[in-house]
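> Dropping a structure here in structure tokens format, bear with me for questions.
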There are 2 protein chains.
Amino acid sequence: MSELNIAILGYGTVGTGVAKCLLENQDIMHARTGVKLVLKYIADIDTERDRGLELPDGVLVNDANAVINDPDVDVVVELIGGKGIAKEFTLAALKQGKAVVTANKALLAYHGKEIFDCARENNTEIFFEASVAGGIPILKALKEGLAANHINSIYGILNGTCNYILTRMENEQINFEPVLKEAQELGYAEAEPTLDVAGDDAAHKTVILASLAFGKWFDMSLHIEGIEELSLLDISNADKLGYRIKLLGIIKREGKDIQMRVHPALIPKDTLLAQVNDVFNAVLINGDFVGDTMYYGRGAGMEATASAVTADIIDACLNRKHDSINRVAPFTQYDYYGELVDISDIKSRYYIRLELIDKAGCLAAIASEFAAREISISTVNQDESDSSTVPVVLTTALAIEKDMKAALEAISKLDFVKSEPVMIRIEDLHEE
Amino acid sequence: MSELNIAILGYGTVGTGVAKCLLENQDIMHARTGVKLVLKYIADIDTERDRGLELPDGVLVNDANAVINDPDVDVVVELIGGKGIAKEFTLAALKQGKAVVTANKALLAYHGKEIFDCARENNTEIFFEASVAGGIPILKALKEGLAANHINSIYGILNGTCNYILTRMENEQINFEPVLKEAQELGYAEAEPTLDVAGDDAAHKTVILASLAFGKWFDMSLHIEGIEELSLLDISNADKLGYRIKLLGIIKREGKDIQMRVHPALIPKDTLLAQVNDVFNAVLINGDFVGDTMYYGRGAGMEATASAVTADIIDACLNRKHDSINRVAPFTQYDYYGELVDISDIKSRYYIRLELIDKAGCLAAIASEFAAREISISTVNQDESDSSTVPVVLTTALAIEKDMKAALEAISKLDFVKSEPVMIRIEDLHEE
């Protein structure tokens, strides 16, 4: 095999990046693989708009179906996004026996099982390195580099938009809303930002990571909290306590069972993960033999994402060259680990902020609600206050989530408690 | 293929770790690969010493040659170390058509070309993930995950012993010698520490990284400086200037030519690489599409190294199962990049410390030596001094190394310059 013909579906930002990479770095990839990677088609309904890239004649077409059905095309790169037409094209390409490369995390998080089954039935494969953490080769690390390990835990900063917003909130002491607006102006956040700031995008990626780590395709039934409700006050309080707040995808193994959740968490400021700022992503993985390893880089962007997509094209290429389809299966299902742990059953440390009307006995009443549920308090901070209410910040030792929720429900009913208690989980990131 | 028979040569620390991993995690690796990884032999001249591991009967033997010649053995894992008998056994195993897995960086740095040629001639392959940065799957990231990129630069904290010593010197304000002694007592440094502290071990790893990045097997002709001469004073001065001193393996591409060197360098304190402390390793790689990515973890130790060795065994296993030997060649040689740049021709920023006998005109004379060679000074710091000499610390803008060396030679001859000038390179780690 001396050439591989590639068709890209979707000539948007990432499509442009992949085309650029295939054209500019064709020689070095040829030198490394012995195969010439040929950009044969880019299909997009808009063939007019200038993407700032000069394509060879005949490459840009508007009929995706014709491209998928062309017997000369070896690899189809799906970069349309969404779960509609992207799913149709993906399944159609797999049914033609093409290798498919995609960056579409939502498609996989919702329809992964169906897509993997289709690939297997048609003796082909689908690659999706770019779907998690952009340019960082994290799926390859997890599936191959760490394949000798039981994975104990994964903590991921997986959404660049949220990490940018949290970094700006902390550094500039600005509230969520104006920072979001700034991020939108800079193109770091979408006009409709919910997918990012509500945690769904990070959840799609968390599902993919957990599935690869544990050989079971998890659905989107994980607990998800975003950063929209996060107050600058909690970021400052965390800082005083020696923590930084990050939106994390969290996966933990408890024996054979699996925790999986997305929410803001306090992590110690002096950890490497806490130093990951702005739009950067990072994934901290603990394996039973390797211990802690961390992977850092750009989680999005035209060129970084193109790096991951093109690495997948090379993997597809080598599997075709060596007739080793599914050498490392896109997703290997096995029956070894157990079930998802319900969020109410997890153990965590907690940061709690209360607004109290100051009167004697407040703290005693609150402390006894915790004590009644065997929740130990680690720290308490109450500052002088000018206003009619007093803010009290507590952190706890490890407690069971449902006990904490019950304690907070009881506390919120106390007559001197002014507003809903704020609860944010603390993750100390200790090596297991 | 349902089983793979593995023989380990060398039942030392890493050999014990690999045996433990193969025995303890056999089930999960079987689930992931579909192949049962069987530890058939461990060969060591010492079959008596207790390694704290219970081996199945008949596994521990003392005749390595018999193991290598056993037709049932598929993979030979060389964990003896050194360049003598380890080389003989490696070549013998390759000649038998076995896959070889090794953690032996010195062997590869000095005899890589001969070993790769032997593997190719015998239609087999050699894997060496554990030779660089211990448990971190950095070679897989470089060869596969980032294969779509021209690599612009690699900065590696590659020697855990040196990084431990530098971290302790900085945190505890202790000099090199007592910290080395402490490291030796803790088992972080060898009784004969030269290989680590003189920079040779980091150099072996740098040669391997550069060769994989640029498709040319580089020999050990790189510039190497260790940390033995490093003074606590320079660590403190660097701190005041906003830098931390790390021993780095540095690889940079200048067009088609390649810089490769190992030396202590000042790096900005607020970078992620500067936060990598104690025995941990990290590698910061910049690719032309992916931008900066960083990989972090344990660079040594029984279990972390075992994780990397066993991942290689799995790779060898999958290549045998799918009949795809050399799918990703251990080392792909190609003629694309140019030559090594001599250290005297590199451009760098510099930190310079001088001891002066205070008199009028000193600084003018020094400044004019720099000016004569078009070296711009970025910062100058001279503090009040009680003693007869005055310490002066300068940092420079980018300058050519041979100009800097010439300037320092001239400066050292000035009559008010008390001792040899100290020169340490500054690496700002800006994204290219």
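How things are named: the first chain in the structure tokens is A, the next is B, and so on; residues count from 1 in each chain; ligands count from 1 in the order shown.
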For chain B against chain A, with a cut-off of 6 Å and counting only C-alpha atoms, what is the closest atom pair and its distance in Å to one decimal for every residue that makes the cut, ordered by chain and number, as CSV?


```
residue,atom,partner,partner_atom,distance
B:Ala31,CA,A:Tyr334,CA,5.9
B:Gly135,CA,A:Val290,CA,5.5
B:Pro137,CA,A:Gly145,CA,5.1
B:Gly145,CA,A:Pro137,CA,5.1
B:Ala147,CA,A:Ala311,CA,5.9
B:Ala148,CA,A:Ala311,CA,5.7
B:Phe289,CA,A:Glu303,CA,4.9
B:Val290,CA,A:Ala304,CA,4.0
B:Asp292,CA,A:Gly297,CA,5.8
B:Thr293,CA,A:Gly297,CA,4.3
B:Met294,CA,A:Tyr296,CA,4.9
B:Tyr295,CA,A:Tyr295,CA,4.8
B:Tyr296,CA,A:Met294,CA,4.9
B:Gly297,CA,A:Thr293,CA,4.3
B:Glu303,CA,A:Phe289,CA,4.9
B:Ala304,CA,A:Val290,CA,4.0
B:Ser307,CA,A:Val290,CA,5.4
B:Thr310,CA,A:Ala148,CA,5.9
B:Ala311,CA,A:Ala148,CA,5.7
B:His322,CA,A:Ser324,CA,5.5
B:Ser324,CA,A:His322,CA,5.5
B:Tyr334,CA,A:Ala31,CA,5.9
```

> For the selection you just gave me, I'd like the residues written to a file as a PDB file, in the first residue's frame, keeping C-alpha atoms.


```pdb
ATOM      1  CA  ALA B  31      -9.699  -9.117  28.940  1.00  0.00           C
ATOM      2  CA  GLY B 135       6.139   4.956  33.512  1.00  0.00           C
ATOM      3  CA  PRO B 137       4.126   6.562  27.820  1.00  0.00           C
ATOM      4  CA  GLY B 145       0.191  10.404  19.156  1.00  0.00           C
ATOM      5  CA  ALA B 147       3.100  11.614  14.355  1.00  0.00           C
ATOM      6  CA  ALA B 148       1.330  14.301  12.296  1.00  0.00           C
ATOM      7  CA  PHE B 289       0.200  21.581  14.834  1.00  0.00           C
ATOM      8  CA  VAL B 290      -0.442  20.412  18.392  1.00  0.00           C
ATOM      9  CA  ASP B 292       2.666  22.550  23.624  1.00  0.00           C
ATOM     10  CA  THR B 293       1.848  19.223  25.258  1.00  0.00           C
ATOM     11  CA  MET B 294       3.316  17.942  28.508  1.00  0.00           C
ATOM     12  CA  TYR B 295       3.615  14.438  29.969  1.00  0.00           C
ATOM     13  CA  TYR B 296       4.268  13.855  33.653  1.00  0.00           C
ATOM     14  CA  GLY B 297       4.831  10.905  35.959  1.00  0.00           C
ATOM     15  CA  GLU B 303       6.121  -0.465  39.616  1.00  0.00           C
ATOM     16  CA  ALA B 304       6.078   2.592  37.342  1.00  0.00           C
ATOM     17  CA  SER B 307       3.894  -0.396  33.719  1.00  0.00           C
ATOM     18  CA  THR B 310       4.394  -4.421  30.311  1.00  0.00           C
ATOM     19  CA  ALA B 311       2.731  -1.975  27.882  1.00  0.00           C
ATOM     20  CA  HIS B 322      -2.222  -9.552  14.101  1.00  0.00           C
ATOM     21  CA  SER B 324       1.850  -6.793  12.029  1.00  0.00           C
ATOM     22  CA  TYR B 334      14.321   8.656   7.154  1.00  0.00           C
TER      23      TYR B 334
END
```

> Would you list the contacts of Val279 of chain B as an MDAnalysis selection string, taking every protein, DNA or RNA residue within 8 Å and counting only C-alpha atoms, but skipping same-chain residues closer than 5 positions in sequence?

chainID B and resid 159:164 188 298:300

> What's around Ser131 of chain A at 7 Å? Count only C-alpha atoms, leave out sequence neighbours fewer than 6 positions away in its own chain, and write the answer as a ChimeraX atom specification.

/A:103-105

> Name the residues in contact with Val75 of chain B at a cut-off of 9 Å, using only C-alpha atoms, excluding same-chain residues fewer than 5 positions from it; report them as a list in words.

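Near Val75 of chain B, the qualifying residues are Leu4, Asn5, Ile6, Ala7, Ile8, Ala93, Lys98, Ala99, Val100, Val101, Ile313, Ala316 and Cys317 of chain B.
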
> Work out how far apart atom CA of Tyr41 of chain A and atom CA of Arg120 of chain A are and give it in Å to one decimal.

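Distance between the two atoms: 25.2 Å.
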
> Got a sec to tell me which of segment 34-109 of chain B DSSP assigns to strand (DSSP E or B), as a compact mmCIF listing (two decimals) with C-alpha atoms, in the first residue's frame?


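Contents of the output file states_8.txt:
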```txt
# COMPACT_ATOMS: atom_id res chain seq x y z
CA LYS B 36 -3.15 -14.59 28.11
CA LEU B 37 0.27 -13.16 28.96
CA VAL B 38 2.22 -16.01 30.55
CA LEU B 39 5.34 -15.42 32.60
CA LYS B 40 7.27 -18.51 31.52
CA TYR B 41 10.76 -17.75 32.85
CA ILE B 42 12.81 -15.32 34.87
CA ALA B 43 16.52 -15.92 34.38
CA LEU B 60 12.96 -18.95 38.08
CA VAL B 61 16.00 -20.34 36.23
CA VAL B 75 9.07 -12.21 24.04
CA VAL B 76 12.37 -11.68 25.84
CA VAL B 77 12.45 -8.83 28.38
CA GLU B 78 16.00 -7.60 28.96
CA ALA B 99 10.44 -9.72 20.22
CA VAL B 100 12.65 -7.93 22.76
CA VAL B 101 11.49 -5.43 25.37
CA THR B 102 14.11 -3.41 27.23
```
